[in-house]
Structures are given as structure tokens and as C-alpha cells.
Amino acid sequence: MAATAMDPVEAAKRAAAEKAVDEFVRDGMVVGIGSGSTIVYAVHRLAARAKLPEGDPLRISTAVFVPTSFQSRQLLAEAGLTVAELATREVLDVAIDGADEVDKSLNCIKGGGGCQLEEKLVASAARKFVVVADHRKQSERLGTCWTKGVPLEIAPSGYRLAMRLLAAKGATATLRMAKSKAGPVVTDGGHFVVDAHFGGIEDVPAMERWLKAVPGVLETGIFCGMASKAFFGQADGSVVEWAADGNATPVAAAEAGSESA
Ligand SMILES: O=C[C@H](O)[C@H](O)[C@H](O)COP(=O)(O)O
């Protein structure tokens, strides 16, 4: 039976994730693992590398992985990879995560999946923060591609106050509602998510500072000045790499789509 072709967007996510894992993860490292659909391919790649024969330079046997969510903890455990907790690790070698939108300075909007607080903690603890995404996430200005708003993780008791303050600042702010449960989305940490859309964000650092100062906002989905590199899988199967200095480089995705590491 002929193999079914992979959906091009999924193939792009996979190419980016595999490239980042192979460029940044070495054996013995402590590695932060983000959440979302793109990170699934990173974990699959890590699992494949754990099965490589001894002596293979890509083999990982002593690396440990710090998850950012229930989802990534489960993925790592199912892949047979060693899970570590951020509470017992002060510094991580690298953290790899997806994003909802990335600008040329590698500022990101994250939290489309409601995991921004743990993701921010893990990324902040890492010496290097690496973003993996498909081409739809490449943006000239945050807030223009991802128009669902900046996800904000909010103390439940403060969500009405926060929404009033956000609206006064000009945002369209909505409490994120669950799809298969009555009521709001509740994060892994037991908080609510408010999505605040301001249109295109001109001054990303100022916006992040302002959002962080809103009472009840525990963390914002703006990751400003944190990433050192971003990999974007393209529709043609290639991977484009953005560096924090604004340089964009097309890189070969020779192994993209391969089953083995
Ligand atoms: O809360 C979710 C995370 O920030 C994800 O990394 C982000 O939403 C990107 O997810 P995906 O890889 O599914 O596009």
C-alpha cells in the first residue's frame, strides 16, 4: 500500500523541530521541552536518537528533559526519556519550544495552548532558548499574524479586573472558554487565560512590561528578547533559520522527514 503523504504544514513543523533538536541537543544536557503540536516532533526525534547505537555521535542516553506542561511530561514519559523537574534545576542547557508568532528580533507570542507560565519559567532558566515553528508563524510585527490576542495567564479571582484594565488600554480581551467542558480554560497551574488583542504591537518590550504590571496577570505570552534562534519549516520542505541579530538563513533540511535520527 502506498504511504500517505504528510500534510505540508505538519511536515514543516517536523522539519523545524528535527533541525533544532539535532543542532542544539547533545548527550548529558538538561533540556527544556515546550508544549504544543510542533514540539511533538522534537520529542519524536529525541526518542529516535535515544535508540541509536552506542558510539553514534547523535545518540542521547544521559540527557534529561524538563517539561513545560502535562502534555510534554506525558510525551517525554511515553517516549521513554528521563523527565526532570524545573524545581530541582537552576539552569538548563537549552529549551526548545513552539510559538504562535515570531518577529525578526525573535520576540514571540506564545500560549495559544495555554502553557505560557511554565514555558516562560523554563525558557528563562535555559542558557539558550530555541523556537521551532512552521512558516505561518514568521511575522513582520507581532499581533498581525496571530490575531487571537496575547495569551495572559491570570489569577481567576482577578480576571474581571484585568479585563477592565486591558479594555481601557484598547485591547479586545476575552476569557478563553473550554471546548469540551463548561466554563473557562483552566491551565495546568489552575489559572485562567485571557486573550488580549491589541492589533499590531509597535513596542513589544513596552507592551510586555505594561501587561506584566496588570494586577492578576501571572505571566504573559510575550517572550521578548529571549530566543537565540528560531527554525521555521517551509512549504517546500526546507528550513529557514532566524537569528536574534535579524539574520535569516535558509538551511538544508537534508534529514527532514526521515524516520530515523
Ligand atoms: O501554549 C502553547 C505554547 O506556547 C505553544 O508552544 C504554541 O502555542 C505553539 O503551538 P503549536 O506548535 O501547536 O503551533
# chains A, B, ... in the order shown; residues from 1 in each chain; ligands from 1

$ closest_atom_pairs --of "stretch 4-54 of chain A" --to "stretch 114-137 of chain A" --cutoff "8 Å" --atoms "only C-alpha atoms" --output "JSON lines"
{"residue": "A:Val9", "atom": "CA", "partner": "A:Asp134", "partner_atom": "CA", "distance": 6.6}
{"residue": "A:Ala12", "atom": "CA", "partner": "A:Asp134", "partner_atom": "CA", "distance": 5.3}
{"residue": "A:Lys13", "atom": "CA", "partner": "A:Asp134", "partner_atom": "CA", "distance": 4.9}
{"residue": "A:Ala16", "atom": "CA", "partner": "A:Val132", "partner_atom": "CA", "distance": 5.5}
{"residue": "A:Ala17", "atom": "CA", "partner": "A:Val132", "partner_atom": "CA", "distance": 5.5}
{"residue": "A:Ala20", "atom": "CA", "partner": "A:Val132", "partner_atom": "CA", "distance": 7.0}
{"residue": "A:Val31", "atom": "CA", "partner": "A:Ala126", "partner_atom": "CA", "distance": 8.0}
{"residue": "A:Gly32", "atom": "CA", "partner": "A:Val122", "partner_atom": "CA", "distance": 6.1}
{"residue": "A:Gly34", "atom": "CA", "partner": "A:Glu119", "partner_atom": "CA", "distance": 6.2}
{"residue": "A:Ser35", "atom": "CA", "partner": "A:Cys115", "partner_atom": "CA", "distance": 7.0}
{"residue": "A:Thr38", "atom": "CA", "partner": "A:Ala133", "partner_atom": "CA", "distance": 6.4}
{"residue": "A:Ile39", "atom": "CA", "partner": "A:Val132", "partner_atom": "CA", "distance": 7.6}

$ write_last_selection --atoms "N, CA and C atoms" --output "PDB file, in the first residue's frame"
ATOM      1  N   VAL A   9       1.907  21.365   6.274  1.00  0.00           N
ATOM      2  CA  VAL A   9       2.176  22.162   7.476  1.00  0.00           C
ATOM      3  C   VAL A   9       2.794  21.277   8.557  1.00  0.00           C
ATOM      4  N   ALA A  12       6.303  20.711   7.724  1.00  0.00           N
ATOM      5  CA  ALA A  12       7.115  21.900   8.026  1.00  0.00           C
ATOM      6  C   ALA A  12       7.442  21.953   9.517  1.00  0.00           C
ATOM      7  N   LYS A  13       6.470  21.672  10.350  1.00  0.00           N
ATOM      8  CA  LYS A  13       6.708  21.656  11.806  1.00  0.00           C
ATOM      9  C   LYS A  13       7.777  20.621  12.142  1.00  0.00           C
ATOM     10  N   ALA A  16      11.373  21.653  11.105  1.00  0.00           N
ATOM     11  CA  ALA A  16      11.946  22.657  12.011  1.00  0.00           C
ATOM     12  C   ALA A  16      12.352  22.018  13.333  1.00  0.00           C
ATOM     13  N   ALA A  17      11.486  21.199  13.868  1.00  0.00           N
ATOM     14  CA  ALA A  17      11.745  20.584  15.181  1.00  0.00           C
ATOM     15  C   ALA A  17      12.962  19.666  15.122  1.00  0.00           C
ATOM     16  N   ALA A  20      16.236  21.708  14.895  1.00  0.00           N
ATOM     17  CA  ALA A  20      16.610  22.333  16.174  1.00  0.00           C
ATOM     18  C   ALA A  20      17.165  21.299  17.146  1.00  0.00           C
ATOM     19  N   VAL A  31      17.537  19.666  29.188  1.00  0.00           N
ATOM     20  CA  VAL A  31      16.847  20.289  28.052  1.00  0.00           C
ATOM     21  C   VAL A  31      15.393  20.601  28.401  1.00  0.00           C
ATOM     22  N   GLY A  32      15.000  21.841  28.261  1.00  0.00           N
ATOM     23  CA  GLY A  32      13.600  22.203  28.451  1.00  0.00           C
ATOM     24  C   GLY A  32      12.793  21.848  27.215  1.00  0.00           C
ATOM     25  N   GLY A  34       9.107  22.374  25.414  1.00  0.00           N
ATOM     26  CA  GLY A  34       7.887  23.172  25.405  1.00  0.00           C
ATOM     27  C   GLY A  34       6.642  22.353  25.151  1.00  0.00           C
ATOM     28  N   SER A  35       5.595  23.052  24.736  1.00  0.00           N
ATOM     29  CA  SER A  35       4.286  22.422  24.561  1.00  0.00           C
ATOM     30  C   SER A  35       3.721  22.781  23.194  1.00  0.00           C
ATOM     31  N   THR A  38       4.001  21.382  17.550  1.00  0.00           N
ATOM     32  CA  THR A  38       5.309  21.288  16.895  1.00  0.00           C
ATOM     33  C   THR A  38       6.308  20.527  17.770  1.00  0.00           C
ATOM     34  N   ILE A  39       6.179  20.723  19.070  1.00  0.00           N
ATOM     35  CA  ILE A  39       7.144  20.108  19.984  1.00  0.00           C
ATOM     36  C   ILE A  39       7.015  18.576  19.974  1.00  0.00           C
TER      37      ILE A  39
END

$ select_by_dssp --residues "stretch 37-260 of chain A" --states "alpha helix (DSSP H)" --output "PyMOL selection string"
chain A and resi 38-50+70-78+116-125+159-168+204-212

$ atom_distance --atom1 "atom CA of A:Ala235" --atom2 "atom CA of A:Arg14"
11.5 Å

$ select_by_dssp --residues "stretch 5-60 of chain A" --states "strand (DSSP E)" --output "count of residues only"
4

$ closest_residue --among "A:Ile222, A:Ala87, A:Leu92, A:Leu106" --to "ligand 1" --atoms "only C-alpha atoms and all ligand atoms"
A:Ile222

$ residues_around --residues "A:Ile60" --least-positions-apart "6" --cutoff "6 Å" --atoms "only C-alpha atoms" --output "VMD selection string"
chain A and resid 27 49 to 50

$ write_last_selection --atoms "N, CA and C atoms" --output "JSON list (two decimals), in the first residue's frame"
[["chain", "number", "residue", "atom", "x", "y", "z"],
["A", 27, "ASP", "N", 24.21, 14.84, 24.21],
["A", 27, "ASP", "CA", 24.04, 13.94, 25.35],
["A", 27, "ASP", "C", 24.53, 14.60, 26.63],
["A", 49, "ARG", "N", 16.73, 9.35, 18.63],
["A", 49, "ARG", "CA", 18.16, 9.48, 18.94],
["A", 49, "ARG", "C", 18.55, 8.65, 20.15],
["A", 50, "ALA", "N", 17.63, 8.45, 21.07],
["A", 50, "ALA", "CA", 17.92, 7.63, 22.26],
["A", 50, "ALA", "C", 18.09, 6.16, 21.87]]

$ atom_distance --atom1 "atom CA of A:Met29" --atom2 "atom CA of A:Leu76"
15.0 Å

$ atom_distance --atom1 "atom CA of A:Thr147" --atom2 "atom CA of A:Ala173"
11.7 Å

$ decode --residues "stretch 16-99 of chain A" --atoms "C-alpha atoms" --output "mmCIF file, in the first residue's frame"
data_model
loop_
_atom_site.group_PDB
_atom_site.id
_atom_site.type_symbol
_atom_site.label_atom_id
_atom_site.label_comp_id
_atom_site.auth_asym_id
_atom_site.auth_seq_id
_atom_site.Cartn_x
_atom_site.Cartn_y
_atom_site.Cartn_z
ATOM 1 C CA ALA A 16 11.946 22.657 12.011
ATOM 2 C CA ALA A 17 11.745 20.584 15.181
ATOM 3 C CA GLU A 18 14.182 17.946 13.947
ATOM 4 C CA LYS A 19 16.674 20.565 12.808
ATOM 5 C CA ALA A 20 16.610 22.333 16.174
ATOM 6 C CA VAL A 21 16.989 19.116 18.142
ATOM 7 C CA ASP A 22 19.949 17.967 16.088
ATOM 8 C CA GLU A 23 21.669 21.337 16.237
ATOM 9 C CA PHE A 24 21.180 22.068 19.933
ATOM 10 C CA VAL A 25 20.735 18.850 21.930
ATOM 11 C CA ARG A 26 23.775 16.841 22.966
ATOM 12 C CA ASP A 27 24.045 13.943 25.346
ATOM 13 C CA GLY A 28 24.279 14.807 29.026
ATOM 14 C CA MET A 29 22.367 18.077 28.656
ATOM 15 C CA VAL A 30 19.417 19.313 30.685
ATOM 16 C CA VAL A 31 16.847 20.289 28.052
ATOM 17 C CA GLY A 32 13.600 22.203 28.451
ATOM 18 C CA ILE A 33 10.759 20.875 26.330
ATOM 19 C CA GLY A 34 7.887 23.172 25.405
ATOM 20 C CA SER A 35 4.286 22.422 24.561
ATOM 21 C CA GLY A 36 2.030 22.359 21.522
ATOM 22 C CA SER A 37 1.840 20.468 18.275
ATOM 23 C CA THR A 38 5.309 21.288 16.895
ATOM 24 C CA ILE A 39 7.144 20.108 19.984
ATOM 25 C CA VAL A 40 5.692 16.623 19.459
ATOM 26 C CA TYR A 41 8.084 16.195 16.526
ATOM 27 C CA ALA A 42 11.021 17.314 18.658
ATOM 28 C CA VAL A 43 10.236 14.639 21.229
ATOM 29 C CA HIS A 44 9.895 12.016 18.488
ATOM 30 C CA ARG A 45 13.327 12.987 17.207
ATOM 31 C CA LEU A 46 14.815 12.763 20.699
ATOM 32 C CA ALA A 47 13.235 9.345 21.163
ATOM 33 C CA ALA A 48 14.758 8.161 17.884
ATOM 34 C CA ARG A 49 18.162 9.477 18.936
ATOM 35 C CA ALA A 50 17.916 7.631 22.255
ATOM 36 C CA LYS A 51 17.651 4.395 20.252
ATOM 37 C CA LEU A 52 20.796 4.968 18.194
ATOM 38 C CA PRO A 53 23.666 2.517 18.752
ATOM 39 C CA GLU A 54 26.423 3.305 21.221
ATOM 40 C CA GLY A 55 29.153 5.335 19.571
ATOM 41 C CA ASP A 56 26.800 7.264 17.303
ATOM 42 C CA PRO A 57 27.522 10.977 17.885
ATOM 43 C CA LEU A 58 23.812 11.798 17.896
ATOM 44 C CA ARG A 59 22.940 9.174 20.485
ATOM 45 C CA ILE A 60 21.486 10.519 23.729
ATOM 46 C CA SER A 61 21.477 8.329 26.823
ATOM 47 C CA THR A 62 22.112 10.629 29.782
ATOM 48 C CA ALA A 63 20.272 13.814 28.760
ATOM 49 C CA VAL A 64 17.314 14.775 30.954
ATOM 50 C CA PHE A 65 14.255 16.770 29.941
ATOM 51 C CA VAL A 66 12.269 19.414 31.799
ATOM 52 C CA PRO A 67 8.645 19.625 30.602
ATOM 53 C CA THR A 68 6.531 22.791 30.493
ATOM 54 C CA SER A 69 3.142 21.123 30.754
ATOM 55 C CA PHE A 70 1.203 17.959 31.437
ATOM 56 C CA GLN A 71 1.284 17.378 27.666
ATOM 57 C CA SER A 72 5.063 17.486 27.335
ATOM 58 C CA ARG A 73 5.577 15.461 30.531
ATOM 59 C CA GLN A 74 3.358 12.734 29.051
ATOM 60 C CA LEU A 75 5.095 12.870 25.676
ATOM 61 C CA LEU A 76 8.530 12.514 27.282
ATOM 62 C CA ALA A 77 7.419 9.676 29.544
ATOM 63 C CA GLU A 78 5.783 7.807 26.653
ATOM 64 C CA ALA A 79 8.993 8.206 24.637
ATOM 65 C CA GLY A 80 10.989 6.654 27.486
ATOM 66 C CA LEU A 81 13.026 9.840 28.032
ATOM 67 C CA THR A 82 14.121 10.930 31.509
ATOM 68 C CA VAL A 83 11.910 13.644 32.963
ATOM 69 C CA ALA A 84 13.351 16.210 35.389
ATOM 70 C CA GLU A 85 11.553 18.986 37.243
ATOM 71 C CA LEU A 86 12.373 22.674 36.988
ATOM 72 C CA ALA A 87 12.051 22.962 40.783
ATOM 73 C CA THR A 88 15.197 20.858 41.146
ATOM 74 C CA ARG A 89 17.203 22.535 38.339
ATOM 75 C CA GLU A 90 18.555 26.040 38.497
ATOM 76 C CA VAL A 91 19.995 26.200 34.973
ATOM 77 C CA LEU A 92 19.068 24.329 31.802
ATOM 78 C CA ASP A 93 21.435 23.992 28.854
ATOM 79 C CA VAL A 94 18.772 24.721 26.282
ATOM 80 C CA ALA A 95 14.992 24.962 25.970
ATOM 81 C CA ILE A 96 13.141 24.194 22.733
ATOM 82 C CA ASP A 97 9.573 25.356 22.239
ATOM 83 C CA GLY A 98 6.967 26.259 19.654
ATOM 84 C CA ALA A 99 5.450 29.707 19.125
#
